[in-house]
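Have a look at my_file_28.cif; it's mmCIF, C-alpha atoms and all ligand atoms:
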data_entry
loop_
_atom_site.label_atom_id
_atom_site.label_comp_id
_atom_site.auth_asym_id
_atom_site.auth_seq_id
_atom_site.Cartn_x
_atom_site.Cartn_y
_atom_site.Cartn_z
CA MET W 279 0.00 0.00 0.00
CA ASN W 280 1.26 3.48 -0.83
CA SER W 281 1.63 5.04 2.60
CA CYS W 282 1.03 8.45 1.13
CA LEU W 283 -2.45 7.67 -0.20
CA PRO W 284 -5.32 8.63 2.11
CA GLN W 285 -6.06 5.76 4.50
CA VAL W 286 -9.06 4.90 6.69
CA LEU W 287 -7.49 4.78 10.11
CA THR W 288 -8.60 5.49 13.66
CA GLY W 289 -6.98 7.69 16.26
CA ALA W 290 -7.01 4.72 18.66
CA SER W 291 -4.32 3.03 16.56
CA PHE W 292 -2.04 6.04 16.81
CA THR W 293 -2.17 7.11 20.45
CA THR W 294 -0.84 5.46 23.56
CA TYR W 295 -4.28 5.95 25.18
CA ARG W 296 -5.76 3.72 22.45
CA ILE W 297 -8.67 6.16 22.23
CA GLY W 298 -9.88 8.02 19.15
CA GLY W 299 -12.36 7.58 16.32
CA PRO W 300 -11.96 7.70 12.53
CA LEU W 301 -9.33 9.92 10.93
CA ASP W 302 -11.14 11.16 7.83
CA GLU W 303 -8.05 11.56 5.67
CA ALA W 304 -4.84 10.23 7.21
CA TYR W 305 -1.42 10.30 5.60
CA GLN W 306 1.86 8.74 6.70
CA PRO W 307 4.47 10.39 4.48
CA SER W 308 7.88 8.76 4.53
CA THR W 309 9.84 11.53 2.80
CA LYS W 310 9.95 15.28 3.18
CA ILE W 311 8.80 15.63 -0.44
CA GLU W 312 5.70 13.51 0.24
CA LEU W 313 4.95 15.51 3.38
CA LEU W 314 5.29 18.86 1.60
CA LYS W 315 2.97 17.65 -1.19
CA VAL W 316 0.27 16.60 1.31
CA LEU W 317 0.62 19.93 3.12
CA SER W 318 0.43 22.06 0.00
CA ASP W 319 -2.57 20.10 -1.38
CA ALA W 320 -4.40 20.45 1.95
CA ARG W 321 -3.62 24.17 2.08
CA ALA W 322 -4.81 24.65 -1.51
CA LYS W 323 -8.15 23.03 -0.63
CA ASP W 324 -8.34 24.90 2.67
CA LYS W 325 -8.60 21.65 4.66
CA ALA W 326 -8.02 21.49 8.40
CA ILE W 327 -4.62 19.90 9.18
CA THR W 328 -3.80 17.96 12.35
CA VAL W 329 -0.32 16.58 12.98
CA LEU W 330 0.35 13.57 15.14
CA GLY W 331 3.68 12.07 16.19
CA TRP W 332 3.60 9.00 18.46
CA GLY W 333 0.35 10.12 20.13
CA GLY W 334 2.12 9.87 23.51
CA ASN W 335 0.60 13.05 24.86
CA SER W 336 -2.61 13.24 22.87
CA LEU W 337 -6.18 12.36 23.68
CA ILE W 338 -8.04 12.03 20.39
CA ALA W 339 -11.80 12.57 20.34
CA SER W 340 -13.85 9.39 20.10
CA ALA W 341 -15.64 11.09 17.19
CA GLY W 342 -12.28 11.20 15.38
CA ILE W 343 -10.56 13.94 13.40
CA ARG W 344 -12.07 15.76 10.42
CA GLY W 345 -9.89 17.01 7.57
CA VAL W 346 -6.31 15.87 7.01
CA THR W 347 -4.29 14.08 9.70
CA ILE W 348 -0.57 13.75 9.12
CA ILE W 349 1.17 10.99 11.06
CA THR W 350 4.90 11.71 11.07
CA ARG W 351 6.27 8.36 12.34
CA LYS W 352 7.78 7.36 9.00
CA LEU W 353 9.80 10.58 8.75
CA ASP W 354 12.46 8.89 10.82
CA TRP W 355 15.75 9.81 9.16
CA VAL W 356 18.87 10.66 11.14
CA LEU W 357 21.78 12.78 9.88
CA PRO W 358 24.95 13.18 11.99
CA LEU W 359 26.19 16.72 11.27
CA THR W 360 29.33 17.14 13.39
CA ASP W 361 30.90 15.08 16.18
CA THR W 362 28.33 16.47 18.65
CA ARG W 363 25.40 17.61 16.47
CA ILE W 364 22.78 15.34 14.91
CA VAL W 365 19.73 16.29 12.82
CA PHE W 366 16.60 14.17 13.35
CA GLY W 367 13.51 13.96 11.14
CA ALA W 368 10.27 14.94 12.91
CA GLY W 369 9.09 11.34 13.17
CA VAL W 370 12.18 9.79 14.79
CA HIS W 371 11.14 7.98 17.98
CA LEU W 372 12.84 9.34 21.10
CA ALA W 373 14.27 5.92 21.96
CA LYS W 374 15.96 5.85 18.56
CA SER W 375 17.30 9.40 19.11
CA ALA W 376 18.73 8.36 22.48
CA SER W 377 20.30 5.23 20.97
CA GLU W 378 21.83 7.28 18.18
CA ALA W 379 23.47 9.60 20.73
CA LEU W 380 24.74 6.58 22.68
CA LYS W 381 26.19 5.11 19.48
CA HIS W 382 28.39 8.20 19.21
CA SER W 383 29.17 8.28 23.00
CA LEU W 384 27.21 11.51 23.37
CA ARG W 385 25.51 12.46 26.62
CA GLY W 386 22.65 14.84 27.44
CA GLY W 387 19.91 12.87 25.68
CA GLU W 388 19.61 9.93 28.10
CA PHE W 389 16.15 11.10 29.22
CA MET W 390 14.71 10.38 25.76
CA ILE W 391 15.20 6.62 26.07
CA GLY W 392 11.91 5.83 27.85
CA ILE W 393 9.59 8.53 26.54
CA PRO W 394 7.06 7.34 23.95
CA GLY W 395 7.17 10.19 21.47
CA THR W 396 8.71 11.58 18.32
CA ILE W 397 11.20 14.41 17.90
CA GLY W 398 8.47 16.71 16.52
CA GLY W 399 6.08 16.08 19.43
CA ALA W 400 8.92 16.29 21.96
CA VAL W 401 10.19 19.63 20.63
CA ARG W 402 6.65 20.99 20.65
CA MET W 403 6.09 19.75 24.23
CA ASN W 404 9.63 20.46 25.47
CA ALA W 405 9.57 16.88 26.78
CA GLY W 406 11.92 16.03 29.60
CA ALA W 407 12.88 13.71 32.46
CA LEU W 408 15.89 13.00 34.70
CA GLY W 409 16.49 16.76 35.04
CA GLN W 410 17.06 17.05 31.28
CA GLU W 411 14.72 18.46 28.61
CA MET W 412 14.60 19.13 24.89
CA ALA W 413 15.38 22.82 25.46
CA ASP W 414 18.90 21.78 26.59
CA LEU W 415 19.58 20.04 23.29
CA VAL W 416 17.77 21.91 20.52
CA ARG W 417 19.99 24.20 18.42
CA SER W 418 17.55 24.80 15.53
CA VAL W 419 14.24 23.52 14.18
CA ASP W 420 12.98 23.50 10.59
CA LEU W 421 9.25 24.14 10.41
CA TYR W 422 6.61 24.37 7.70
CA ASN W 423 4.53 27.52 8.01
CA LEU W 424 0.92 26.54 7.27
CA THR W 425 -0.07 30.12 6.51
CA THR W 426 2.65 30.99 4.00
CA GLY W 427 3.67 27.51 2.79
CA GLU W 428 7.31 28.47 3.45
CA ILE W 429 9.94 26.50 5.40
CA GLU W 430 11.43 28.44 8.30
CA THR W 431 14.37 27.76 10.60
CA TRP W 432 13.81 28.74 14.23
CA LEU W 433 16.59 29.20 16.76
CA PRO W 434 16.20 28.51 20.49
CA GLU W 435 15.30 32.13 21.27
CA GLN W 436 12.27 31.85 18.93
CA LEU W 437 11.20 28.48 20.30
CA GLY W 438 10.14 29.93 23.67
CA PHE W 439 10.77 26.77 25.69
CA SER W 440 9.34 26.51 29.21
CA TYR W 441 7.95 23.67 31.37
CA ARG W 442 6.39 21.22 28.87
CA LYS W 443 5.74 24.05 26.48
CA SER W 444 7.17 25.80 23.41
CA ALA W 445 6.10 28.58 21.07
CA ILE W 446 5.23 25.99 18.37
CA GLN W 447 1.52 25.88 17.64
CA PRO W 448 0.78 22.91 15.36
CA ASP W 449 -2.16 24.71 13.78
CA SER W 450 0.30 27.19 12.28
CA HIS W 451 3.71 25.45 12.21
CA ILE W 452 4.74 21.84 11.69
CA VAL W 453 8.16 20.59 12.76
CA LEU W 454 10.03 18.98 9.87
CA SER W 455 13.32 18.28 11.65
CA ALA W 456 15.43 19.37 14.60
CA GLU W 457 19.16 19.76 15.10
CA LEU W 458 20.26 18.61 18.56
CA GLU W 459 23.62 19.12 20.23
CA PHE W 460 25.01 16.67 22.78
CA GLN W 461 28.24 16.55 24.78
CA HIS W 462 31.03 14.01 24.58
CA GLY W 463 30.59 11.37 27.25
CA GLU W 464 31.49 7.89 28.39
CA ALA W 465 29.39 5.25 26.57
CA SER W 466 29.19 2.91 29.59
CA GLN W 467 27.91 5.74 31.84
CA ILE W 468 25.38 6.87 29.23
CA ALA W 469 24.14 3.30 28.79
CA ALA W 470 23.90 2.77 32.57
CA MET W 471 21.78 5.92 32.99
CA MET W 472 19.46 4.76 30.20
CA THR W 473 19.09 1.28 31.67
CA GLN W 474 18.25 2.78 35.06
CA SER W 475 15.64 5.04 33.49
CA VAL W 476 13.99 2.17 31.59
CA GLN W 477 13.90 0.00 34.72
CA PHE W 478 12.38 2.83 36.77
CA ARG W 479 9.66 3.34 34.18
CA LYS W 480 8.91 -0.40 34.04
CA ALA W 481 8.37 -0.41 37.80
CA HIS W 482 6.50 2.90 38.18
CA HIS W 483 4.48 3.38 35.00
CA PRO W 484 1.23 1.53 34.30
CA LYS W 485 1.02 -1.24 31.73
CA GLU W 486 -2.50 -0.29 30.59
CA PRO W 487 -2.90 2.21 27.73
CA ASN W 488 -2.33 5.77 28.99
CA GLY W 489 -1.13 9.20 27.88
CA GLY W 490 1.61 9.81 30.44
CA SER W 491 1.22 12.62 32.96
CA VAL W 492 -2.25 14.07 32.61
CA PHE W 493 -1.46 17.35 34.40
CA LYS W 494 1.63 19.50 34.76
CA ASN W 495 2.68 19.61 38.40
CA PRO W 496 1.18 22.79 39.90
CA ALA W 497 4.33 23.26 42.01
CA GLN W 498 7.68 21.44 42.08
CA ASP W 499 7.13 20.05 45.58
CA MET W 500 3.47 19.23 44.88
CA PRO W 501 3.51 16.48 42.23
CA VAL W 502 0.02 15.56 41.08
CA GLY W 503 0.83 11.87 41.59
CA ARG W 504 1.34 12.43 45.32
CA LEU W 505 -1.74 14.64 45.66
CA MET W 506 -3.90 11.96 44.04
CA GLU W 507 -2.41 9.35 46.36
CA GLU W 508 -3.27 11.49 49.39
CA LEU W 509 -6.82 11.92 48.07
CA GLY W 510 -7.22 8.16 47.65
CA ALA W 511 -7.80 8.45 43.90
CA LYS W 512 -5.29 5.82 42.76
CA GLY W 513 -7.14 2.78 41.48
CA ASN W 514 -10.40 4.12 42.95
CA TRP W 515 -11.60 7.01 40.81
CA HIS W 516 -13.33 5.82 37.65
CA GLU W 517 -15.27 7.45 34.85
CA GLY W 518 -16.69 4.92 32.37
CA GLY W 519 -13.71 2.91 31.11
CA ALA W 520 -11.09 5.35 32.48
CA MET W 521 -9.44 5.07 35.89
CA VAL W 522 -6.74 6.90 37.86
CA SER W 523 -3.87 4.42 37.70
CA PRO W 524 -3.24 2.40 40.88
CA LEU W 525 0.49 2.76 40.12
CA HIS W 526 0.81 6.48 39.37
CA GLY W 527 -1.73 9.09 40.44
CA ASN W 528 -1.02 11.46 37.54
CA PHE W 529 -1.75 8.79 34.93
CA ILE W 530 -5.23 7.93 33.68
CA VAL W 531 -5.46 4.41 32.29
CA ASN W 532 -7.85 3.13 29.67
CA VAL W 533 -9.06 -0.02 31.40
CA HIS W 534 -12.25 -0.76 29.50
CA GLN W 535 -12.83 0.90 26.14
CA ALA W 536 -12.72 4.39 27.60
CA THR W 537 -14.03 7.24 25.49
CA SER W 538 -12.51 10.70 25.24
CA THR W 539 -15.44 11.98 27.34
CA ASP W 540 -14.59 9.48 30.11
CA VAL W 541 -11.00 10.75 30.27
CA LEU W 542 -12.01 14.42 30.22
CA LYS W 543 -14.57 13.88 33.00
CA LEU W 544 -12.00 12.11 35.15
CA MET W 545 -9.48 14.90 34.49
CA LEU W 546 -12.05 17.42 35.66
CA ARG W 547 -12.68 15.48 38.86
CA MET W 548 -8.91 15.43 39.54
CA LYS W 549 -8.51 19.13 38.77
CA GLN W 550 -11.43 20.12 40.99
CA ALA W 551 -10.16 17.97 43.87
CA ILE W 552 -6.69 19.56 43.64
CA GLN W 553 -8.34 22.97 43.64
CA SER W 554 -10.62 22.36 46.59
CA HIS W 555 -8.17 20.40 48.80
CA TYR W 556 -4.92 22.20 48.06
CA GLY W 557 -6.01 25.53 46.54
CA LEU W 558 -3.80 24.79 43.51
CA GLU W 559 -4.55 25.10 39.78
CA ALA W 560 -3.55 22.00 37.82
CA HIS W 561 -3.24 22.63 34.08
CA PRO W 562 -3.42 19.74 31.58
CA GLU W 563 -0.21 18.39 30.09
CA ASN W 564 -2.26 16.11 27.82
CA LEU W 565 -3.64 17.72 24.68
CA PHE W 566 -7.09 17.08 23.24
CA LEU W 567 -7.33 16.79 19.45
CA GLY W 568 -10.21 16.24 17.06
CA ASP W 569 -13.92 16.59 16.70
CA ALA W 570 -15.15 17.36 20.22
CA THR W 571 -18.81 17.00 21.18
CA ALA W 572 -20.48 20.02 22.80
CA GLU W 573 -20.00 18.36 26.21
CA GLU W 574 -16.31 17.72 25.49
CA GLN W 575 -15.79 21.30 24.35
CA GLN W 576 -17.25 22.47 27.65
CA LEU W 577 -15.10 20.04 29.67
CA TRP W 578 -11.91 21.04 27.83
CA ALA W 579 -12.69 24.76 28.21
CA THR W 580 -13.07 24.26 31.99
CA LEU W 581 -9.92 22.13 32.19
CA THR W 582 -7.78 24.65 30.31
CA ALA W 583 -9.21 27.87 31.75
CA GLY W 584 -6.25 30.11 32.61
CA ALA W 585 -3.71 27.82 30.89
CA SER W 586 -1.87 28.45 27.64
CA HIS W 587 -0.67 25.63 25.40
C1 LIG Q 601 4.07 6.04 29.52
C2 LIG Q 601 4.38 7.49 29.14
C3 LIG Q 601 5.46 8.12 29.75
C4 LIG Q 601 5.76 9.45 29.42
N1 LIG Q 601 6.82 10.05 30.03
C5 LIG Q 601 7.11 11.34 29.72
C6 LIG Q 601 8.23 11.99 30.36
O1 LIG Q 601 8.96 11.43 31.16
N2 LIG Q 601 8.46 13.29 30.02
C7 LIG Q 601 7.69 13.97 29.12
O2 LIG Q 601 7.96 15.15 28.84
N3 LIG Q 601 6.62 13.37 28.52
C8 LIG Q 601 6.33 12.09 28.79
N4 LIG Q 601 5.26 11.48 28.18
C9 LIG Q 601 4.41 12.25 27.25
C10 LIG Q 601 4.80 12.17 25.76
O3 LIG Q 601 5.43 10.95 25.49
C11 LIG Q 601 5.70 13.33 25.35
O4 LIG Q 601 5.01 14.57 25.52
C12 LIG Q 601 6.16 13.22 23.90
O5 LIG Q 601 7.10 14.22 23.63
C13 LIG Q 601 5.01 13.36 22.94
O6 LIG Q 601 5.52 13.18 21.62
P1 LIG Q 601 4.53 12.60 20.50
O7 LIG Q 601 5.27 12.51 19.23
O8 LIG Q 601 3.90 11.37 21.01
O9 LIG Q 601 3.47 13.79 20.44
P2 LIG Q 601 1.93 13.67 20.07
O10 LIG Q 601 1.16 13.20 21.24
O11 LIG Q 601 1.76 12.94 18.79
O12 LIG Q 601 1.62 15.22 19.85
C14 LIG Q 601 1.70 16.11 20.92
C15 LIG Q 601 1.43 17.52 20.40
O13 LIG Q 601 2.48 17.87 19.51
C16 LIG Q 601 1.97 18.13 18.22
N5 LIG Q 601 2.92 17.58 17.25
C17 LIG Q 601 3.29 16.29 17.05
N6 LIG Q 601 4.20 16.23 16.05
C18 LIG Q 601 4.41 17.50 15.63
C19 LIG Q 601 5.19 18.10 14.60
N7 LIG Q 601 5.97 17.37 13.79
N8 LIG Q 601 5.14 19.45 14.44
C20 LIG Q 601 4.34 20.23 15.24
N9 LIG Q 601 3.56 19.71 16.21
C21 LIG Q 601 3.60 18.37 16.40
C22 LIG Q 601 0.60 17.43 18.15
O14 LIG Q 601 -0.26 18.08 17.24
C23 LIG Q 601 0.14 17.62 19.59
O15 LIG Q 601 -0.35 18.94 19.72
C24 LIG Q 601 4.95 10.15 28.48
C25 LIG Q 601 3.88 9.48 27.86
C26 LIG Q 601 3.60 8.17 28.18
C27 LIG Q 601 2.46 7.47 27.48
#
Taking this structure as input, can you express it in the form of structure tokens?
Amino acid sequence: MNSCLPQVLTGASFTTYRIGGPLDEAYQPSTKIELLKVLSDARAKDKAITVLGWGGNSLIASAGIRGVTIITRKLDWVLPLTDTRIVFGAGVHLAKSASEALKHSLRGGEFMIGIPGTIGGAVRMNAGALGQEMADLVRSVDLYNLTTGEIETWLPEQLGFSYRKSAIQPDSHIVLSAELEFQHGEASQIAAMMTQSVQFRKAHHPKEPNGGSVFKNPAQDMPVGRLMEELGAKGNWHEGGAMVSPLHGNFIVNVHQATSTDVLKLMLRMKQAIQSHYGLEAHPENLFLGDATAEEQQLWATLTAGASH
């Protein structure tokens, strides 16, 4: 099958939550030329464009996504530039990026090993762990401007990185590739840090489908996981097929064919409990994409009030 022909796919197949209805017109380009063709055709016909990487931070509406959905996973090329700089296509999985750095005995990217995501999604989210984040590594990003159809190169000062946030708005700019810079290191130490990270995740992250941390921590010493534990939510709070994970209080798990509405309702319960018990505002880290029902629009508006993505 030509991966660049429109395909009938569902969001559930392309998110770690395993939630999401039909994608009306989905494309999985495997070259930059294919991607640019899909983008320019969609622009010419004034179609809505949604971009999806690994779906590791995305809740897709059970009603699906209208218009064009571009899944970047096949844009997974890697180009070593200098002895410390490597350029990654938008769809490169973070584990592959980490392994590539290890191959060259480069440190600074160990955190990427266990995060289910692509370079494009991780740059957009400023993903991080182990005290490291994308902002430490990114030297430049090539983006497609959906308004002008031009390719732009953004430098760190334009990328506006902060906690799980960047200036990239996927409804106006799509990451094509990113140049990352690492430091020379000791391969055995880099590998040991990665192994430790993977083992920690195996022990502390749920096995059921999930979208990682649902909320950003409202304060450094007030992690949502601990607050949910104190409130007795872990393994006890349910909404339809969604449940607060018994293993990690900031993870919602899809235990029984959860819908996007189930997840949003459970998120609202968590947010309101954090507000009323601790007087803190928890803002979603998860993003909600697709064709929301009126109820879901209302839930998402309440969840994101006062937050900027
Ligand atoms: C078990 C688990 C553990 C996790 N652990 C961590 C962790 O430790 N640290 C952390 O930061 N996150 C973590 N996450 C969340 C998630 O993996 C990261 O946010 C990751 O960077 C998301 O990348 P993605 O490609 O999956 O993005 P997606 O979910 O596909 O997309 C996220 C957002 O980025 C946009 N986007 C995707 N690709 C592009 C592109 N090419 N150009 C422009 N916009 C784009 C999408 O439209 C969407 O708005 C975890 C998730 C899970 C399920």
Counting all atoms listed in the file, what are the residues of stretch 311-356 of chain W within 12 Å of stretch 402-419 of chain W, and for each of them which pair of atoms is the nearest and at what distance in Å, to one decimal? Sort the table by chain and rising number, as a Markdown table.
| residue | atom | partner | partner_atom | distance |
| --- | --- | --- | --- | --- |
| W:Val329 | CA | W:Arg402 | CA | 11.3 |
| W:Leu330 | CA | W:Arg402 | CA | 11.2 |
| W:Gly331 | CA | W:Arg402 | CA | 10.4 |
| W:Gly333 | CA | W:Met403 | CA | 11.9 |
| W:Gly334 | CA | W:Met403 | CA | 10.7 |
| W:Asn335 | CA | W:Met403 | CA | 8.7 |
| W:Ser336 | CA | W:Met403 | CA | 11.0 |
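Ranking W:Gly392, W:Tyr422, W:Pro300, W:Val356 by their shortest atom-to-atom distance to W:Phe478, with only C-alpha atoms included, puts W:Gly392 first.
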Edge lengths and centre in Å to one decimal, as lines of an AutoDock Vina configuration file, is what I'm after for the box along x, y and z that holds all listed atoms of stretch 465-479 of chain W once 3 Å is added on each side.
center_x = 19.5
center_y = 3.4
center_z = 31.7
size_x = 25.7
size_y = 12.9
size_z = 16.2
Response to the item:
Computed gap from atom C11 of ligand LIG 601 (chain Q) to atom CA of W:Thr309 is 23.0 Å
Discussion item. Neighbouring residues of W:Ile429 were defined as those with any atom within 12 Å, considering all atoms listed in the file; residues of the same chain fewer than 6 positions away were excluded. Please report them as a ChimeraX atom specification.
Written reply: /W:310,314,317-318,419-423,450-455
Practice prompt. Can you pull out every residue within 8 Å of W:Trp332, counting all atoms listed in the file, but drop anything in the same chain fewer than 2 positions away, and send it as a PyMOL selection string?
Written response: chain W and resi 292-294+330+334+350-351+369+371+394-396+399
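If you measure from each of W:Lys543, W:Arg363, W:Lys381, W:His483 to ligand LIG 601 (chain Q) using all atoms listed in the file, the closest one turns out to be W:His483.
Checking W:Leu577, W:Ala379, W:Ala465, W:Val492 one by one against W:Val522, counting all atoms listed in the file, you find the shortest gap at W:Val492.
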Practice prompt. Identify which of the residues W:Thr362, W:Gln467, W:Ser383, W:Ser291 lies closest to ligand LIG 601 (chain Q), counting only C-alpha atoms and all ligand atoms when measuring atom-to-atom distances.
Written response: W:Ser291
